[in-house]
>>> print(open('my_file-v7.csv').read())   # CSV, N, CA and C atoms
chain,number,residue,atom,x,y,z
A,1,MET,N,0.8,-1.2,0.0
A,1,MET,CA,0.0,0.0,0.0
A,1,MET,C,0.9,1.2,0.0
A,2,HIS,N,0.3,2.4,0.1
A,2,HIS,CA,1.0,3.6,0.0
A,2,HIS,C,1.7,3.9,1.4
A,3,GLY,N,2.7,4.7,1.4
A,3,GLY,CA,3.3,5.2,2.6
A,3,GLY,C,4.6,4.6,2.9
A,4,ASP,N,5.2,5.0,4.0
A,4,ASP,CA,6.5,4.6,4.5
A,4,ASP,C,6.5,3.2,4.9
A,5,ARG,N,7.4,2.4,4.4
A,5,ARG,CA,7.5,1.0,4.8
A,5,ARG,C,8.7,0.7,5.8
A,6,SER,N,9.3,1.8,6.3
A,6,SER,CA,10.5,1.6,7.2
A,6,SER,C,10.2,0.9,8.5
A,7,SER,N,8.9,1.1,9.0
A,7,SER,CA,8.6,0.4,10.3
A,7,SER,C,8.0,-0.9,10.0
A,8,SER,N,8.4,-1.9,10.8
A,8,SER,CA,7.9,-3.3,10.5
A,8,SER,C,6.5,-3.4,11.1
A,9,PRO,N,5.7,-4.3,10.5
A,9,PRO,CA,4.3,-4.4,10.9
A,9,PRO,C,4.3,-5.1,12.3
A,10,PRO,N,3.2,-4.8,13.0
A,10,PRO,CA,3.1,-5.4,14.3
A,10,PRO,C,3.0,-7.0,14.2
A,11,GLU,N,3.5,-7.6,15.2
A,11,GLU,CA,3.4,-9.1,15.3
A,11,GLU,C,1.9,-9.5,15.4
A,12,PRO,N,1.5,-10.6,14.7
A,12,PRO,CA,0.1,-11.0,14.8
A,12,PRO,C,-0.1,-11.5,16.2
A,13,ALA,N,-1.4,-11.4,16.6
A,13,ALA,CA,-1.8,-11.9,18.0
A,13,ALA,C,-1.7,-13.4,17.9
A,14,THR,N,-1.2,-14.0,19.0
A,14,THR,CA,-1.1,-15.4,19.1
A,14,THR,C,-2.4,-15.9,19.7
A,15,LEU,N,-3.1,-16.8,19.0
A,15,LEU,CA,-4.3,-17.4,19.5
A,15,LEU,C,-4.0,-18.7,20.1
A,16,PRO,N,-4.8,-19.1,21.1
A,16,PRO,CA,-4.5,-20.4,21.7
A,16,PRO,C,-4.8,-21.5,20.7
A,17,SER,N,-4.1,-22.6,20.8
A,17,SER,CA,-4.3,-23.7,19.9
A,17,SER,C,-5.6,-24.4,20.2
A,18,ALA,N,-6.1,-25.3,19.3
A,18,ALA,CA,-7.4,-25.9,19.5
A,18,ALA,C,-7.4,-26.7,20.8
A,19,ASN,N,-6.3,-27.2,21.2
A,19,ASN,CA,-6.2,-28.0,22.4
A,19,ASN,C,-6.0,-27.2,23.7
A,20,SER,N,-5.7,-25.9,23.5
A,20,SER,CA,-5.5,-25.1,24.7
A,20,SER,C,-6.8,-24.6,25.3
A,21,ARG,N,-6.8,-24.6,26.6
A,21,ARG,CA,-8.0,-24.1,27.4
A,21,ARG,C,-7.8,-22.8,28.0
A,22,ALA,N,-6.6,-22.2,27.9
A,22,ALA,CA,-6.3,-20.9,28.5
A,22,ALA,C,-7.1,-19.8,27.9
A,23,GLY,N,-7.8,-19.1,28.8
A,23,GLY,CA,-8.6,-18.0,28.4
A,23,GLY,C,-9.8,-18.3,27.7
A,24,HIS,N,-10.2,-19.6,27.7
A,24,HIS,CA,-11.4,-20.0,27.0
A,24,HIS,C,-12.5,-20.4,28.0
A,25,PRO,N,-13.5,-19.6,28.2
A,25,PRO,CA,-14.5,-19.8,29.3
A,25,PRO,C,-15.4,-21.0,29.0
A,26,HIS,N,-15.5,-21.5,27.8
A,26,HIS,CA,-16.5,-22.5,27.6
A,26,HIS,C,-15.7,-23.8,27.3
A,27,HIS,N,-15.4,-24.5,28.4
A,27,HIS,CA,-14.5,-25.7,28.3
A,27,HIS,C,-15.1,-26.9,27.8
A,28,HIS,N,-15.2,-27.3,26.7
A,28,HIS,CA,-16.0,-28.4,26.2
A,28,HIS,C,-15.4,-29.8,26.7
A,29,GLU,N,-15.4,-29.9,28.0
A,29,GLU,CA,-14.9,-31.1,28.7
A,29,GLU,C,-16.0,-32.1,28.9
A,30,PRO,N,-15.7,-33.3,29.1
A,30,PRO,CA,-16.8,-34.3,29.3
A,30,PRO,C,-17.7,-34.0,30.4
A,31,ASP,N,-17.3,-33.3,31.4
A,31,ASP,CA,-18.2,-32.9,32.5
A,31,ASP,C,-19.0,-31.7,32.2
A,32,HIS,N,-18.9,-31.1,31.1
A,32,HIS,CA,-19.7,-29.9,30.7
A,32,HIS,C,-21.1,-30.4,30.6
A,33,PRO,N,-22.1,-29.6,31.1
A,33,PRO,CA,-23.5,-30.0,31.2
A,33,PRO,C,-24.1,-30.6,29.9
A,34,HIS,N,-23.7,-30.1,28.7
A,34,HIS,CA,-24.4,-30.6,27.5
A,34,HIS,C,-23.4,-31.2,26.5
A,35,GLY,N,-22.2,-31.3,26.8
A,35,GLY,CA,-21.2,-32.0,25.8
A,35,GLY,C,-21.0,-31.2,24.5
A,36,HIS,N,-21.7,-30.1,24.3
A,36,HIS,CA,-21.6,-29.3,23.2
A,36,HIS,C,-21.7,-30.0,21.8
A,37,ILE,N,-22.9,-30.4,21.5
A,37,ILE,CA,-23.2,-31.2,20.3
A,37,ILE,C,-23.9,-30.2,19.3
A,38,HIS,N,-23.5,-30.3,18.1
A,38,HIS,CA,-24.0,-29.4,17.1
A,38,HIS,C,-24.5,-30.2,15.9
A,39,ASP,N,-25.5,-29.7,15.2
A,39,ASP,CA,-26.0,-30.3,14.0
A,39,ASP,C,-24.8,-30.3,12.9
A,40,PRO,N,-24.5,-31.5,12.4
A,40,PRO,CA,-23.4,-31.6,11.4
A,40,PRO,C,-23.6,-30.8,10.2
A,41,GLU,N,-24.9,-30.6,9.7
A,41,GLU,CA,-25.1,-29.8,8.5
A,41,GLU,C,-24.8,-28.3,8.8
A,42,SER,N,-25.2,-27.9,10.0
A,42,SER,CA,-25.0,-26.5,10.4
A,42,SER,C,-23.5,-26.3,10.5
A,43,GLN,N,-22.8,-27.2,11.2
A,43,GLN,CA,-21.3,-27.1,11.3
A,43,GLN,C,-20.6,-27.0,10.0
A,44,LYS,N,-21.1,-27.8,9.0
A,44,LYS,CA,-20.5,-27.8,7.7
A,44,LYS,C,-20.7,-26.4,7.0
A,45,ARG,N,-21.9,-25.9,7.2
A,45,ARG,CA,-22.2,-24.5,6.6
A,45,ARG,C,-21.3,-23.5,7.2
A,46,ILE,N,-21.1,-23.5,8.5
A,46,ILE,CA,-20.2,-22.5,9.1
A,46,ILE,C,-18.8,-22.7,8.7
A,47,LEU,N,-18.3,-23.9,8.6
A,47,LEU,CA,-17.0,-24.2,8.2
A,47,LEU,C,-16.8,-23.7,6.7
A,48,ASN,N,-17.7,-23.9,5.9
A,48,ASN,CA,-17.7,-23.5,4.5
A,48,ASN,C,-17.6,-22.0,4.4
A,49,ARG,N,-18.4,-21.3,5.2
A,49,ARG,CA,-18.3,-19.8,5.3
A,49,ARG,C,-16.9,-19.3,5.7
A,50,LEU,N,-16.4,-20.0,6.8
A,50,LEU,CA,-15.1,-19.6,7.3
A,50,LEU,C,-14.0,-19.9,6.2
A,51,SER,N,-14.1,-20.9,5.4
A,51,SER,CA,-13.2,-21.2,4.4
A,51,SER,C,-13.2,-20.1,3.3
A,52,ARG,N,-14.4,-19.6,3.0
A,52,ARG,CA,-14.6,-18.6,2.0
A,52,ARG,C,-13.9,-17.3,2.5
A,53,ILE,N,-14.2,-17.0,3.8
A,53,ILE,CA,-13.6,-15.8,4.4
A,53,ILE,C,-12.1,-15.9,4.4
A,54,GLU,N,-11.6,-17.1,4.7
A,54,GLU,CA,-10.1,-17.3,4.7
A,54,GLU,C,-9.5,-17.0,3.3
A,55,GLY,N,-10.2,-17.4,2.3
A,55,GLY,CA,-9.8,-17.1,0.9
A,55,GLY,C,-9.8,-15.6,0.6
A,56,HIS,N,-10.9,-15.0,1.1
A,56,HIS,CA,-11.0,-13.5,0.9
A,56,HIS,C,-9.9,-12.8,1.6
A,57,ILE,N,-9.5,-13.3,2.8
A,57,ILE,CA,-8.4,-12.6,3.5
A,57,ILE,C,-7.1,-12.8,2.7
A,58,ARG,N,-6.9,-14.0,2.1
A,58,ARG,CA,-5.7,-14.2,1.3
A,58,ARG,C,-5.7,-13.2,0.1
A,59,GLY,N,-6.9,-13.0,-0.4
A,59,GLY,CA,-7.0,-12.0,-1.5
A,59,GLY,C,-6.6,-10.6,-1.1
A,60,ILE,N,-7.1,-10.2,0.1
A,60,ILE,CA,-6.7,-8.9,0.7
A,60,ILE,C,-5.2,-8.8,0.9
A,61,LYS,N,-4.6,-9.9,1.4
A,61,LYS,CA,-3.1,-9.9,1.6
A,61,LYS,C,-2.4,-9.7,0.2
A,62,ALA,N,-2.9,-10.3,-0.8
A,62,ALA,CA,-2.3,-10.1,-2.2
A,62,ALA,C,-2.5,-8.7,-2.6
A,63,MET,N,-3.7,-8.1,-2.3
A,63,MET,CA,-3.9,-6.7,-2.7
A,63,MET,C,-2.8,-5.8,-2.1
A,64,VAL,N,-2.6,-6.0,-0.8
A,64,VAL,CA,-1.6,-5.2,-0.1
A,64,VAL,C,-0.2,-5.4,-0.7
A,65,GLU,N,0.1,-6.7,-1.0
A,65,GLU,CA,1.4,-7.0,-1.6
A,65,GLU,C,1.6,-6.3,-2.9
A,66,GLU,N,0.5,-6.2,-3.6
A,66,GLU,CA,0.5,-5.5,-5.0
A,66,GLU,C,0.4,-4.0,-4.9
A,67,ASN,N,0.4,-3.5,-3.7
A,67,ASN,CA,0.2,-2.0,-3.5
A,67,ASN,C,-1.0,-1.5,-4.1
A,68,ARG,N,-2.1,-2.2,-4.0
A,68,ARG,CA,-3.4,-1.7,-4.5
A,68,ARG,C,-3.8,-0.5,-3.7
A,69,PRO,N,-4.7,0.4,-4.3
A,69,PRO,CA,-5.1,1.6,-3.6
A,69,PRO,C,-5.8,1.2,-2.2
A,70,CYS,N,-5.5,2.0,-1.2
A,70,CYS,CA,-6.0,1.8,0.1
A,70,CYS,C,-7.5,1.7,0.2
A,71,PRO,N,-8.3,2.6,-0.6
A,71,PRO,CA,-9.7,2.5,-0.5
A,71,PRO,C,-10.2,1.1,-1.0
A,72,GLU,N,-9.6,0.6,-2.0
A,72,GLU,CA,-10.0,-0.8,-2.5
A,72,GLU,C,-9.8,-1.8,-1.4
A,73,VAL,N,-8.6,-1.7,-0.7
A,73,VAL,CA,-8.3,-2.7,0.3
A,73,VAL,C,-9.3,-2.6,1.5
A,74,LEU,N,-9.6,-1.3,1.9
A,74,LEU,CA,-10.5,-1.1,3.0
A,74,LEU,C,-11.9,-1.6,2.7
A,75,ILE,N,-12.4,-1.5,1.4
A,75,ILE,CA,-13.7,-2.0,1.0
A,75,ILE,C,-13.7,-3.6,1.2
A,76,GLN,N,-12.6,-4.2,0.9
A,76,GLN,CA,-12.5,-5.7,1.0
A,76,GLN,C,-12.4,-6.1,2.5
A,77,VAL,N,-11.7,-5.3,3.3
A,77,VAL,CA,-11.7,-5.5,4.7
A,77,VAL,C,-13.1,-5.4,5.3
A,78,ALA,N,-13.8,-4.4,4.9
A,78,ALA,CA,-15.2,-4.3,5.4
A,78,ALA,C,-16.0,-5.5,5.0
A,79,ALA,N,-15.8,-6.0,3.8
A,79,ALA,CA,-16.6,-7.1,3.4
A,79,ALA,C,-16.3,-8.4,4.3
A,80,VAL,N,-15.0,-8.5,4.6
A,80,VAL,CA,-14.7,-9.7,5.5
A,80,VAL,C,-15.2,-9.5,6.9
A,81,ARG,N,-15.2,-8.2,7.4
A,81,ARG,CA,-15.8,-8.0,8.7
A,81,ARG,C,-17.3,-8.3,8.7
A,82,GLY,N,-17.9,-7.9,7.7
A,82,GLY,CA,-19.4,-8.2,7.5
A,82,GLY,C,-19.6,-9.7,7.5
A,83,ALA,N,-18.8,-10.4,6.8
A,83,ALA,CA,-18.9,-11.9,6.7
A,83,ALA,C,-18.7,-12.6,8.0
A,84,LEU,N,-17.7,-12.1,8.7
A,84,LEU,CA,-17.4,-12.6,10.1
A,84,LEU,C,-18.5,-12.3,11.0
A,85,ASP,N,-19.1,-11.1,10.9
A,85,ASP,CA,-20.2,-10.8,11.8
A,85,ASP,C,-21.4,-11.7,11.5
A,86,LYS,N,-21.6,-12.1,10.2
A,86,LYS,CA,-22.7,-13.0,9.9
A,86,LYS,C,-22.4,-14.4,10.5
A,87,VAL,N,-21.2,-14.8,10.4
A,87,VAL,CA,-20.9,-16.1,11.0
A,87,VAL,C,-21.1,-16.1,12.5
A,88,ALA,N,-20.7,-15.0,13.2
A,88,ALA,CA,-20.9,-14.8,14.6
A,88,ALA,C,-22.4,-14.9,15.0
A,89,ARG,N,-23.2,-14.2,14.2
A,89,ARG,CA,-24.6,-14.1,14.4
A,89,ARG,C,-25.2,-15.5,14.3
A,90,THR,N,-24.8,-16.3,13.3
A,90,THR,CA,-25.3,-17.6,13.1
A,90,THR,C,-24.9,-18.5,14.3
A,91,ILE,N,-23.6,-18.4,14.7
A,91,ILE,CA,-23.2,-19.2,15.9
A,91,ILE,C,-24.0,-18.8,17.1
A,92,LEU,N,-24.2,-17.5,17.4
A,92,LEU,CA,-24.9,-17.1,18.5
A,92,LEU,C,-26.4,-17.6,18.4
A,93,ASP,N,-27.0,-17.5,17.3
A,93,ASP,CA,-28.4,-17.9,17.1
A,93,ASP,C,-28.5,-19.4,17.4
A,94,GLU,N,-27.6,-20.2,16.9
A,94,GLU,CA,-27.6,-21.6,17.1
A,94,GLU,C,-27.3,-22.0,18.6
A,95,HIS,N,-26.4,-21.2,19.2
A,95,HIS,CA,-26.1,-21.4,20.6
A,95,HIS,C,-27.4,-21.2,21.5
A,96,LEU,N,-28.1,-20.1,21.1
A,96,LEU,CA,-29.3,-19.8,21.9
A,96,LEU,C,-30.4,-20.8,21.7
A,97,THR,N,-30.6,-21.2,20.4
A,97,THR,CA,-31.7,-22.2,20.2
A,97,THR,C,-31.3,-23.6,20.5
A,98,GLN,N,-30.1,-24.0,20.5
A,98,GLN,CA,-29.7,-25.4,20.8
A,98,GLN,C,-29.1,-25.5,22.1
A,99,CYS,N,-27.9,-24.9,22.4
A,99,CYS,CA,-27.2,-25.1,23.6
A,99,CYS,C,-27.9,-24.6,24.8
A,100,VAL,N,-28.3,-23.3,24.8
A,100,VAL,CA,-29.0,-22.7,25.9
A,100,VAL,C,-30.3,-23.4,26.2
A,101,ALA,N,-31.1,-23.7,25.1
A,101,ALA,CA,-32.3,-24.5,25.3
A,101,ALA,C,-32.1,-25.8,25.9
A,102,ARG,N,-31.0,-26.5,25.5
A,102,ARG,CA,-30.7,-27.8,26.0
A,102,ARG,C,-30.3,-27.7,27.5
A,103,ALA,N,-29.5,-26.7,27.8
A,103,ALA,CA,-29.2,-26.4,29.2
A,103,ALA,C,-30.4,-26.1,30.1
A,104,ALA,N,-31.3,-25.4,29.6
A,104,ALA,CA,-32.5,-25.0,30.3
A,104,ALA,C,-33.3,-26.3,30.6
A,105,ASN,N,-33.4,-27.1,29.6
A,105,ASN,CA,-34.2,-28.4,29.8
A,105,ASN,C,-33.5,-29.3,30.8
A,106,ALA,N,-32.1,-29.2,30.9
A,106,ALA,CA,-31.4,-30.1,31.8
A,106,ALA,C,-31.2,-29.4,33.2
A,107,GLY,N,-31.7,-28.2,33.4
A,107,GLY,CA,-31.6,-27.5,34.6
A,107,GLY,C,-30.3,-26.8,34.9
A,108,ASN,N,-29.5,-26.6,33.8
A,108,ASN,CA,-28.2,-26.0,33.9
A,108,ASN,C,-28.1,-24.6,33.3
A,109,ILE,N,-29.2,-23.9,33.3
A,109,ILE,CA,-29.3,-22.6,32.5
A,109,ILE,C,-28.3,-21.6,33.1
A,110,GLU,N,-28.1,-21.6,34.4
A,110,GLU,CA,-27.3,-20.5,35.0
A,110,GLU,C,-25.8,-20.6,34.5
A,111,ILE,N,-25.3,-21.9,34.5
A,111,ILE,CA,-23.9,-22.1,34.0
A,111,ILE,C,-23.8,-21.6,32.5
A,112,GLU,N,-24.8,-22.1,31.7
A,112,GLU,CA,-24.8,-21.7,30.3
A,112,GLU,C,-24.8,-20.2,30.0
A,113,LEU,N,-25.7,-19.6,30.8
A,113,LEU,CA,-25.8,-18.1,30.6
A,113,LEU,C,-24.6,-17.4,31.1
A,114,ALA,N,-24.0,-17.9,32.2
A,114,ALA,CA,-22.7,-17.2,32.6
A,114,ALA,C,-21.6,-17.4,31.6
A,115,GLU,N,-21.5,-18.6,31.0
A,115,GLU,CA,-20.5,-18.8,29.9
A,115,GLU,C,-20.8,-17.9,28.7
A,116,LEU,N,-22.1,-17.8,28.3
A,116,LEU,CA,-22.5,-16.9,27.2
A,116,LEU,C,-22.1,-15.5,27.5
A,117,LYS,N,-22.4,-15.0,28.7
A,117,LYS,CA,-22.1,-13.6,29.0
A,117,LYS,C,-20.6,-13.4,29.0
A,118,ALA,N,-19.8,-14.3,29.5
A,118,ALA,CA,-18.4,-14.1,29.4
A,118,ALA,C,-17.9,-14.0,28.0
A,119,ALA,N,-18.5,-14.9,27.1
A,119,ALA,CA,-18.1,-14.9,25.7
A,119,ALA,C,-18.5,-13.6,25.0
A,120,LEU,N,-19.7,-13.1,25.3
A,120,LEU,CA,-20.2,-11.8,24.7
A,120,LEU,C,-19.4,-10.6,25.3
A,121,ASP,N,-19.0,-10.7,26.5
A,121,ASP,CA,-18.1,-9.6,27.0
A,121,ASP,C,-16.8,-9.5,26.2
A,122,GLN,N,-16.3,-10.6,25.8
A,122,GLN,CA,-15.1,-10.6,25.0
A,122,GLN,C,-15.4,-10.2,23.6
A,123,PHE,N,-16.5,-10.6,23.1
A,123,PHE,CA,-16.9,-10.3,21.7
A,123,PHE,C,-17.2,-8.9,21.4
A,124,PHE,N,-17.8,-8.2,22.3
A,124,PHE,CA,-18.2,-6.8,22.1
A,124,PHE,C,-17.2,-5.9,22.7
>>> encode(input="my_file-v7.csv", output="structure tokens")
Amino acid sequence: MHGDRSSSPPEPATLPSANSRAGHPHHHEPDHPHGHIHDPESQKRILNRLSRIEGHIRGIKAMVEENRPCPEVLIQVAAVRGALDKVARTILDEHLTQCVARAANAGNIEIELAELKAALDQFF
């Protein structure tokens, strides 16, 4: 992109690995009240969306490497943010209709709501 390239970019944030439990309030352990079961078709749709978003991000990276105009890059970043927001809304909707409902039926609603609140506090 345009501008001075003398300063190095910030290091990317390190995310916990899939097996790491650090900082993750919803521990999908065997003793978790509902075992966190999801509809396979829904999971497949979410994973497909995330794969498309991943490809879109690679496209944005290529745009930056090609020094494309900043407004073009920003438009694509906005598109990715919108797509991620849609994935988050889908996950939240399914969590409310499946996981929270299942916890309510099992009498574990307080735990589930506390975990959801902690996740939403980080999300917003």
>>> residues_around(input="my_file-v7.csv", residues="region 57-61 of chain A", least_positions_apart="4", cutoff="8 Å", atoms="only C-alpha atoms", output="ChimeraX atom specification")
/A:53,65,73,76-77,80
>>> closest_residue(input="my_file-v7.csv", among="A:Arg81, A:Arg68, A:Lys117, A:Arg89", to="Glu54 (chain A)", atoms="only C-alpha atoms")
A:Arg81
>>> atom_distance(input="my_file-v7.csv", atom1="atom N of Ser42 (chain A)", atom2="CA of Glu94 (chain A)")
9.8 Å
>>> atom_distance(input="my_file-v7.csv", atom1="CA of Asp39 (chain A)", atom2="CA of Ala83 (chain A)")
21.0 Å
>>> closest_residue(input="my_file-v7.csv", among="A:Gln43, A:Leu50, A:Asn108, A:Ile37", to="Val87 (chain A)", atoms="only N, CA and C atoms")
A:Leu50
>>> atom_distance(input="my_file-v7.csv", atom1="CA of Ala88 (chain A)", atom2="atom C of Arg52 (chain A)")
14.2 Å
